[in-house]
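Trainee: I am attaching a structure below and will ask some questions about it afterwards.
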Amino acid sequence: MFKGRHFDRSVILLCVRWYLAYSLSLRDLEEMMAERGISVDHATVHRWIIRYSPELLERFNRRKRSVSWKWHVDETDIKVRGRWTYLYRAIDSNGDTVEFWFSERRDLAAANRFLSNALKRHGRPERVVIDGSQTNREAILSCDTTSRLQDRSRRKLKPIRIRQSTYLNNRIEQDHRAIKRRVRSMMGFKSMSSARAILGGIEMVHMMRKGQAKYACA
C-alpha cells in the first residue's frame, strides 16, 4: 500500500485517521505535522485521504461483526459542488451500521442499489423500519422479491416486514448526526469521487467507535 511514498506509513495513517475522525482542516493537519518536524503539504494530505480511505474501509469490512435482523433505513443529504446529493444509510436495532451508499440522486434506482448491497453483504433482515418514504418501501419490496427468487436453499423464506414510522426511525436520524457533524466542518465536497472516498472513511471511523470490528475490545 505504501510503496514509493516519501513519508513513513505511520505519518500517512495518522493524518488520514485524524482528518476522518475529527473536525480538522487539511491546513490544520499541515500545521500540526510541522509542529512535529514533518513538512507535508495539505494537498498531499488530501491525496492520502482519497487514496487510502477506500482501502482501509475494504480491510475493515473483512473484520466487521455481523449485525442484527432488525434494520432502520433512511437517507440524508450531502452537498457536493453546491448541489444536494444523498447518503443512504442503515443501522440495526443495536445502533450498529449495517450499510451505506452514496448517490447523486434520491430515487428508486438508488434505493434498490443500496438495499441490494446490504442484502448481499448481510443477508435478509426480519424487519425494516423506514419513515413515510414510498420509494424506500417499493425498493424493499422489490429487493425482497428478488432475494426470494434467487434463494436456492429450498426453505420457505418469510417476506421482510416493513414498518413505516417516523417516530421509530428517530434512531437512525440521531445516528446521521455523527456523519453530518464531520461533513459540516468540511464546507462541502468538490467532486462525487472525493466525496465517496471521504464519506466511506468517515463511516469506517464511526463503525470503529461503535466497536463493530471483530478485533475491537471494550
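Residues in the C-alpha cells are numbered from 1 in each chain, the chains being A, B, ... in the order shown, and ligands are numbered from 1 in the order shown.
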Report the residues of segment 105-172 of chain A whose backbone DSSP state falls under strand (DSSP E or B), written as a list in words.
Mentor: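 In segment 105-172 of chain A, DSSP puts these residues in strand (DSSP E or B): Arg127, Val128, Val129, Ile130, Arg161, Ile162, Arg163 and Gln164 of chain A.
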Trainee: Using the selection just defined, write its residues with all heavy atoms as a PDB file, in the first residue's frame.
Mentor:
```
ATOM      1  N   ARG A 127     -37.076  -7.475   9.765  1.00  0.00           N
ATOM      2  CA  ARG A 127     -37.920  -6.279   9.740  1.00  0.00           C
ATOM      3  C   ARG A 127     -37.092  -5.074   9.347  1.00  0.00           C
ATOM      4  O   ARG A 127     -35.927  -4.967   9.727  1.00  0.00           O
ATOM      5  CB  ARG A 127     -38.548  -6.047  11.113  1.00  0.00           C
ATOM      6  CG  ARG A 127     -39.542  -4.896  11.161  1.00  0.00           C
ATOM      7  CD  ARG A 127     -40.038  -4.655  12.574  1.00  0.00           C
ATOM      8  NE  ARG A 127     -38.983  -4.080  13.407  1.00  0.00           N
ATOM      9  CZ  ARG A 127     -39.143  -3.758  14.692  1.00  0.00           C
ATOM     10  NH1 ARG A 127     -40.289  -4.016  15.292  1.00  0.00           N
ATOM     11  NH2 ARG A 127     -38.163  -3.224  15.382  1.00  0.00           N
ATOM     12  N   VAL A 128     -37.694  -4.174   8.596  1.00  0.00           N
ATOM     13  CA  VAL A 128     -37.042  -2.913   8.227  1.00  0.00           C
ATOM     14  C   VAL A 128     -37.970  -1.769   8.607  1.00  0.00           C
ATOM     15  O   VAL A 128     -39.142  -1.755   8.222  1.00  0.00           O
ATOM     16  CB  VAL A 128     -36.719  -2.853   6.719  1.00  0.00           C
ATOM     17  CG1 VAL A 128     -36.114  -1.493   6.365  1.00  0.00           C
ATOM     18  CG2 VAL A 128     -35.764  -3.964   6.315  1.00  0.00           C
ATOM     19  N   VAL A 129     -37.434  -0.820   9.356  1.00  0.00           N
ATOM     20  CA  VAL A 129     -38.199   0.368   9.751  1.00  0.00           C
ATOM     21  C   VAL A 129     -37.778   1.521   8.853  1.00  0.00           C
ATOM     22  O   VAL A 129     -36.586   1.794   8.693  1.00  0.00           O
ATOM     23  CB  VAL A 129     -37.943   0.738  11.224  1.00  0.00           C
ATOM     24  CG1 VAL A 129     -38.744   1.989  11.607  1.00  0.00           C
ATOM     25  CG2 VAL A 129     -38.303  -0.426  12.144  1.00  0.00           C
ATOM     26  N   ILE A 130     -38.750   2.195   8.248  1.00  0.00           N
ATOM     27  CA  ILE A 130     -38.493   3.361   7.412  1.00  0.00           C
ATOM     28  C   ILE A 130     -39.451   4.476   7.814  1.00  0.00           C
ATOM     29  O   ILE A 130     -40.392   4.251   8.585  1.00  0.00           O
ATOM     30  CB  ILE A 130     -38.667   3.035   5.907  1.00  0.00           C
ATOM     31  CG1 ILE A 130     -40.086   2.536   5.635  1.00  0.00           C
ATOM     32  CG2 ILE A 130     -37.636   2.025   5.441  1.00  0.00           C
ATOM     33  CD1 ILE A 130     -40.383   2.309   4.147  1.00  0.00           C
ATOM     34  N   ARG A 161     -40.693  -7.831   6.839  1.00  0.00           N
ATOM     35  CA  ARG A 161     -41.740  -6.969   7.388  1.00  0.00           C
ATOM     36  C   ARG A 161     -41.290  -5.514   7.322  1.00  0.00           C
ATOM     37  O   ARG A 161     -40.170  -5.187   7.719  1.00  0.00           O
ATOM     38  CB  ARG A 161     -42.057  -7.361   8.834  1.00  0.00           C
ATOM     39  CG  ARG A 161     -42.777  -8.708   8.945  1.00  0.00           C
ATOM     40  CD  ARG A 161     -43.224  -8.970  10.361  1.00  0.00           C
ATOM     41  NE  ARG A 161     -42.093  -9.224  11.243  1.00  0.00           N
ATOM     42  CZ  ARG A 161     -41.875  -8.596  12.392  1.00  0.00           C
ATOM     43  NH1 ARG A 161     -42.705  -7.654  12.798  1.00  0.00           N
ATOM     44  NH2 ARG A 161     -40.836  -8.897  13.140  1.00  0.00           N
ATOM     45  N   ILE A 162     -42.164  -4.658   6.844  1.00  0.00           N
ATOM     46  CA  ILE A 162     -41.858  -3.231   6.707  1.00  0.00           C
ATOM     47  C   ILE A 162     -42.696  -2.452   7.710  1.00  0.00           C
ATOM     48  O   ILE A 162     -43.916  -2.605   7.763  1.00  0.00           O
ATOM     49  CB  ILE A 162     -42.147  -2.738   5.282  1.00  0.00           C
ATOM     50  CG1 ILE A 162     -41.345  -3.537   4.259  1.00  0.00           C
ATOM     51  CG2 ILE A 162     -41.819  -1.249   5.162  1.00  0.00           C
ATOM     52  CD1 ILE A 162     -41.706  -3.214   2.821  1.00  0.00           C
ATOM     53  N   ARG A 163     -42.030  -1.626   8.501  1.00  0.00           N
ATOM     54  CA  ARG A 163     -42.725  -0.772   9.472  1.00  0.00           C
ATOM     55  C   ARG A 163     -42.443   0.684   9.099  1.00  0.00           C
ATOM     56  O   ARG A 163     -41.287   1.117   9.119  1.00  0.00           O
ATOM     57  CB  ARG A 163     -42.221  -1.072  10.885  1.00  0.00           C
ATOM     58  CG  ARG A 163     -42.891  -0.252  11.978  1.00  0.00           C
ATOM     59  CD  ARG A 163     -44.298  -0.712  12.263  1.00  0.00           C
ATOM     60  NE  ARG A 163     -44.956   0.095  13.258  1.00  0.00           N
ATOM     61  CZ  ARG A 163     -44.857  -0.084  14.577  1.00  0.00           C
ATOM     62  NH1 ARG A 163     -44.094  -1.057  15.045  1.00  0.00           N
ATOM     63  NH2 ARG A 163     -45.504   0.686  15.414  1.00  0.00           N
ATOM     64  N   GLN A 164     -43.469   1.411   8.749  1.00  0.00           N
ATOM     65  CA  GLN A 164     -43.299   2.817   8.405  1.00  0.00           C
ATOM     66  C   GLN A 164     -43.694   3.674   9.599  1.00  0.00           C
ATOM     67  O   GLN A 164     -44.872   3.729   9.977  1.00  0.00           O
ATOM     68  CB  GLN A 164     -44.140   3.185   7.180  1.00  0.00           C
ATOM     69  CG  GLN A 164     -43.586   2.608   5.885  1.00  0.00           C
ATOM     70  CD  GLN A 164     -44.275   3.161   4.656  1.00  0.00           C
ATOM     71  OE1 GLN A 164     -45.220   2.563   4.163  1.00  0.00           O
ATOM     72  NE2 GLN A 164     -43.795   4.303   4.166  1.00  0.00           N
TER      73      GLN A 164
END
```
Trainee: With segment 192-201 of chain A as the partner and 12 Å as the cut-off, tabulate the residues of segment 4-77 of chain A that qualify, each row holding the nearest pair of atoms and their distance in Å to one decimal, using only C-alpha atoms, sorted by chain and rising number, as a Markdown table.
Mentor:
```
| residue | atom | partner | partner_atom | distance |
| --- | --- | --- | --- | --- |
| A:Leu13 | CA | A:Gly201 | CA | 11.9 |
| A:Val16 | CA | A:Gly201 | CA | 8.7 |
| A:Arg17 | CA | A:Gly201 | CA | 8.5 |
| A:Trp18 | CA | A:Gly201 | CA | 10.9 |
| A:Tyr19 | CA | A:Ile198 | CA | 9.4 |
| A:Leu20 | CA | A:Gly201 | CA | 6.2 |
| A:Ala21 | CA | A:Gly201 | CA | 8.7 |
| A:Tyr22 | CA | A:Gly201 | CA | 11.9 |
| A:His46 | CA | A:Ser194 | CA | 9.4 |
| A:Arg47 | CA | A:Ser194 | CA | 9.6 |
| A:Trp48 | CA | A:Ile198 | CA | 10.6 |
| A:Ile49 | CA | A:Ile198 | CA | 7.0 |
| A:Ile50 | CA | A:Ala197 | CA | 5.7 |
| A:Arg51 | CA | A:Ala197 | CA | 8.0 |
| A:Tyr52 | CA | A:Ala197 | CA | 8.5 |
| A:Ser53 | CA | A:Gly201 | CA | 4.9 |
| A:Pro54 | CA | A:Ala197 | CA | 5.7 |
| A:Glu55 | CA | A:Gly201 | CA | 9.2 |
| A:Leu56 | CA | A:Gly201 | CA | 7.5 |
| A:Leu57 | CA | A:Gly201 | CA | 6.3 |
| A:Glu58 | CA | A:Gly200 | CA | 9.5 |
| A:Arg59 | CA | A:Gly201 | CA | 11.5 |
| A:Phe60 | CA | A:Gly201 | CA | 10.2 |
| A:Asn61 | CA | A:Gly200 | CA | 11.1 |
```
Trainee: Using only N, CA, C and O atoms, please write the residues we just selected to a file, as a CSV table (one decimal), in the first residue's frame.
Mentor:
```csv
chain,number,residue,atom,x,y,z
A,13,LEU,N,-1.0,7.3,7.9
A,13,LEU,CA,-2.2,6.8,8.6
A,13,LEU,C,-2.7,7.7,9.7
A,13,LEU,O,-3.9,7.8,9.9
A,16,VAL,N,-4.5,10.6,8.0
A,16,VAL,CA,-5.8,10.1,7.4
A,16,VAL,C,-6.8,9.9,8.6
A,16,VAL,O,-8.0,10.3,8.5
A,17,ARG,N,-6.4,9.2,9.6
A,17,ARG,CA,-7.3,9.0,10.8
A,17,ARG,C,-7.7,10.3,11.4
A,17,ARG,O,-8.9,10.5,11.7
A,18,TRP,N,-6.8,11.2,11.7
A,18,TRP,CA,-7.2,12.5,12.3
A,18,TRP,C,-8.2,13.2,11.5
A,18,TRP,O,-9.1,13.8,12.0
A,19,TYR,N,-8.0,13.3,10.1
A,19,TYR,CA,-8.9,14.0,9.3
A,19,TYR,C,-10.3,13.4,9.3
A,19,TYR,O,-11.3,14.1,9.3
A,20,LEU,N,-10.4,12.1,9.2
A,20,LEU,CA,-11.7,11.4,9.2
A,20,LEU,C,-12.4,11.4,10.5
A,20,LEU,O,-13.6,11.5,10.5
A,21,ALA,N,-11.6,11.5,11.6
A,21,ALA,CA,-12.2,11.3,12.9
A,21,ALA,C,-12.6,12.7,13.6
A,21,ALA,O,-13.6,12.7,14.3
A,22,TYR,N,-11.8,13.7,13.3
A,22,TYR,CA,-12.0,15.0,14.0
A,22,TYR,C,-12.3,16.1,13.0
A,22,TYR,O,-12.0,16.1,11.9
A,46,HIS,N,-4.5,15.5,1.4
A,46,HIS,CA,-5.7,15.3,0.7
A,46,HIS,C,-5.6,14.1,-0.2
A,46,HIS,O,-6.5,13.2,-0.2
A,47,ARG,N,-4.5,14.0,-0.9
A,47,ARG,CA,-4.3,12.8,-1.8
A,47,ARG,C,-4.2,11.5,-1.0
A,47,ARG,O,-4.7,10.5,-1.4
A,48,TRP,N,-3.6,11.6,0.2
A,48,TRP,CA,-3.5,10.4,1.0
A,48,TRP,C,-4.9,9.9,1.4
A,48,TRP,O,-5.2,8.7,1.4
A,49,ILE,N,-5.8,10.9,1.8
A,49,ILE,CA,-7.1,10.6,2.3
A,49,ILE,C,-7.9,9.9,1.2
A,49,ILE,O,-8.6,8.9,1.4
A,50,ILE,N,-7.8,10.5,0.0
A,50,ILE,CA,-8.6,9.9,-1.2
A,50,ILE,C,-8.1,8.5,-1.5
A,50,ILE,O,-8.8,7.6,-1.9
A,51,ARG,N,-6.7,8.4,-1.5
A,51,ARG,CA,-6.1,7.1,-1.8
A,51,ARG,C,-6.4,6.0,-0.8
A,51,ARG,O,-6.7,4.8,-1.2
A,52,TYR,N,-6.3,6.3,0.5
A,52,TYR,CA,-6.3,5.2,1.5
A,52,TYR,C,-7.6,5.0,2.1
A,52,TYR,O,-7.8,3.9,2.7
A,53,SER,N,-8.5,5.9,2.1
A,53,SER,CA,-9.8,5.7,2.8
A,53,SER,C,-10.6,4.5,2.2
A,53,SER,O,-11.0,3.7,3.0
A,54,PRO,N,-10.7,4.4,0.9
A,54,PRO,CA,-11.4,3.2,0.4
A,54,PRO,C,-10.7,1.9,0.7
A,54,PRO,O,-11.3,0.9,1.0
A,55,GLU,N,-9.3,1.9,0.7
A,55,GLU,CA,-8.6,0.7,1.0
A,55,GLU,C,-8.8,0.3,2.5
A,55,GLU,O,-9.0,-0.9,2.8
A,56,LEU,N,-8.7,1.3,3.4
A,56,LEU,CA,-8.9,1.0,4.8
A,56,LEU,C,-10.3,0.5,5.1
A,56,LEU,O,-10.5,-0.4,5.9
A,57,LEU,N,-11.3,1.1,4.4
A,57,LEU,CA,-12.7,0.6,4.5
A,57,LEU,C,-12.9,-0.8,4.1
A,57,LEU,O,-13.5,-1.6,4.8
A,58,GLU,N,-12.2,-1.2,3.0
A,58,GLU,CA,-12.3,-2.6,2.5
A,58,GLU,C,-11.7,-3.5,3.5
A,58,GLU,O,-12.3,-4.6,3.7
A,59,ARG,N,-10.6,-3.2,4.1
A,59,ARG,CA,-10.0,-4.0,5.1
A,59,ARG,C,-10.8,-4.1,6.3
A,59,ARG,O,-10.8,-5.2,7.0
A,60,PHE,N,-11.4,-3.0,6.7
A,60,PHE,CA,-12.3,-3.0,7.9
A,60,PHE,C,-13.5,-4.0,7.7
A,60,PHE,O,-13.8,-4.8,8.6
A,61,ASN,N,-14.1,-3.9,6.5
A,61,ASN,CA,-15.2,-4.8,6.2
A,61,ASN,C,-14.9,-6.3,6.3
A,61,ASN,O,-15.8,-7.1,6.6
```
Trainee: What lies within 9 Å of segment 78-88 of chain A using only C-alpha atoms, ignoring chain neighbours under 3 positions off, as a ChimeraX atom specification?
Mentor: /A:73-75,99-106,110-111,114,180,183,187-192,195,199
Trainee: Give me, as a VMD selection string, all polymer residues having an atom no more than 12 Å from Ser66 of chain A, counting only C-alpha atoms and skipping those fewer than 6 positions away in the same chain.
Mentor: chain A and resid 91 to 92 94 96 to 99 118 121 to 123 125 211 to 214
Trainee: Write a file of the selected residues as a tab-separated table (two decimals), in the first residue's frame, keeping N, CA and C atoms.
Mentor:
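Output contents, as saved in selection07.tsv:
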```tsv
chain	number	residue	atom	x	y	z
A	91	ILE	N	-28.93	1.20	9.91
A	91	ILE	CA	-28.37	0.71	11.16
A	91	ILE	C	-29.28	-0.40	11.69
A	92	ASP	N	-28.76	-1.21	12.60
A	92	ASP	CA	-29.58	-2.29	13.16
A	92	ASP	C	-30.20	-1.85	14.49
A	94	ASN	N	-29.34	-2.46	17.39
A	94	ASN	CA	-28.34	-2.13	18.41
A	94	ASN	C	-27.63	-0.82	18.12
A	96	ASP	N	-25.72	-0.39	15.43
A	96	ASP	CA	-24.55	-0.64	14.59
A	96	ASP	C	-24.87	-0.34	13.13
A	97	THR	N	-23.88	0.17	12.41
A	97	THR	CA	-24.06	0.49	11.00
A	97	THR	C	-24.14	-0.79	10.18
A	98	VAL	N	-25.19	-0.92	9.38
A	98	VAL	CA	-25.36	-2.07	8.51
A	98	VAL	C	-24.67	-1.83	7.17
A	99	GLU	N	-25.07	-0.75	6.50
A	99	GLU	CA	-24.55	-0.46	5.16
A	99	GLU	C	-24.80	1.00	4.85
A	118	ALA	N	-26.81	-4.17	0.69
A	118	ALA	CA	-26.97	-4.53	2.09
A	118	ALA	C	-27.38	-6.00	2.25
A	121	ARG	N	-24.44	-8.37	1.41
A	121	ARG	CA	-23.38	-8.42	2.41
A	121	ARG	C	-23.83	-9.01	3.74
A	122	HIS	N	-25.07	-8.75	4.13
A	122	HIS	CA	-25.51	-9.09	5.48
A	122	HIS	C	-26.66	-10.09	5.55
A	123	GLY	N	-27.20	-10.48	4.42
A	123	GLY	CA	-28.33	-11.39	4.45
A	123	GLY	C	-29.65	-10.65	4.63
A	125	PRO	N	-32.93	-9.22	6.42
A	125	PRO	CA	-33.43	-8.86	7.76
A	125	PRO	C	-34.84	-9.38	7.96
A	211	GLY	N	-17.25	-0.08	17.90
A	211	GLY	CA	-16.67	-1.39	18.20
A	211	GLY	C	-17.19	-2.47	17.28
A	212	GLN	N	-17.39	-2.16	16.01
A	212	GLN	CA	-18.00	-3.12	15.09
A	212	GLN	C	-17.02	-4.08	14.43
A	213	ALA	N	-15.74	-3.95	14.72
A	213	ALA	CA	-14.78	-4.88	14.15
A	213	ALA	C	-14.56	-6.04	15.12
A	214	LYS	N	-14.25	-7.22	14.58
A	214	LYS	CA	-14.10	-8.42	15.41
A	214	LYS	C	-12.94	-8.32	16.38
```
Trainee: Between atom CA of Met33 of chain A and atom CA of Gly4 of chain A, what is the spacing in Å?
Mentor: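 Taking atom CA of Gly4 of chain A and atom CA of Met33 of chain A, their separation equals 20.2 Å.
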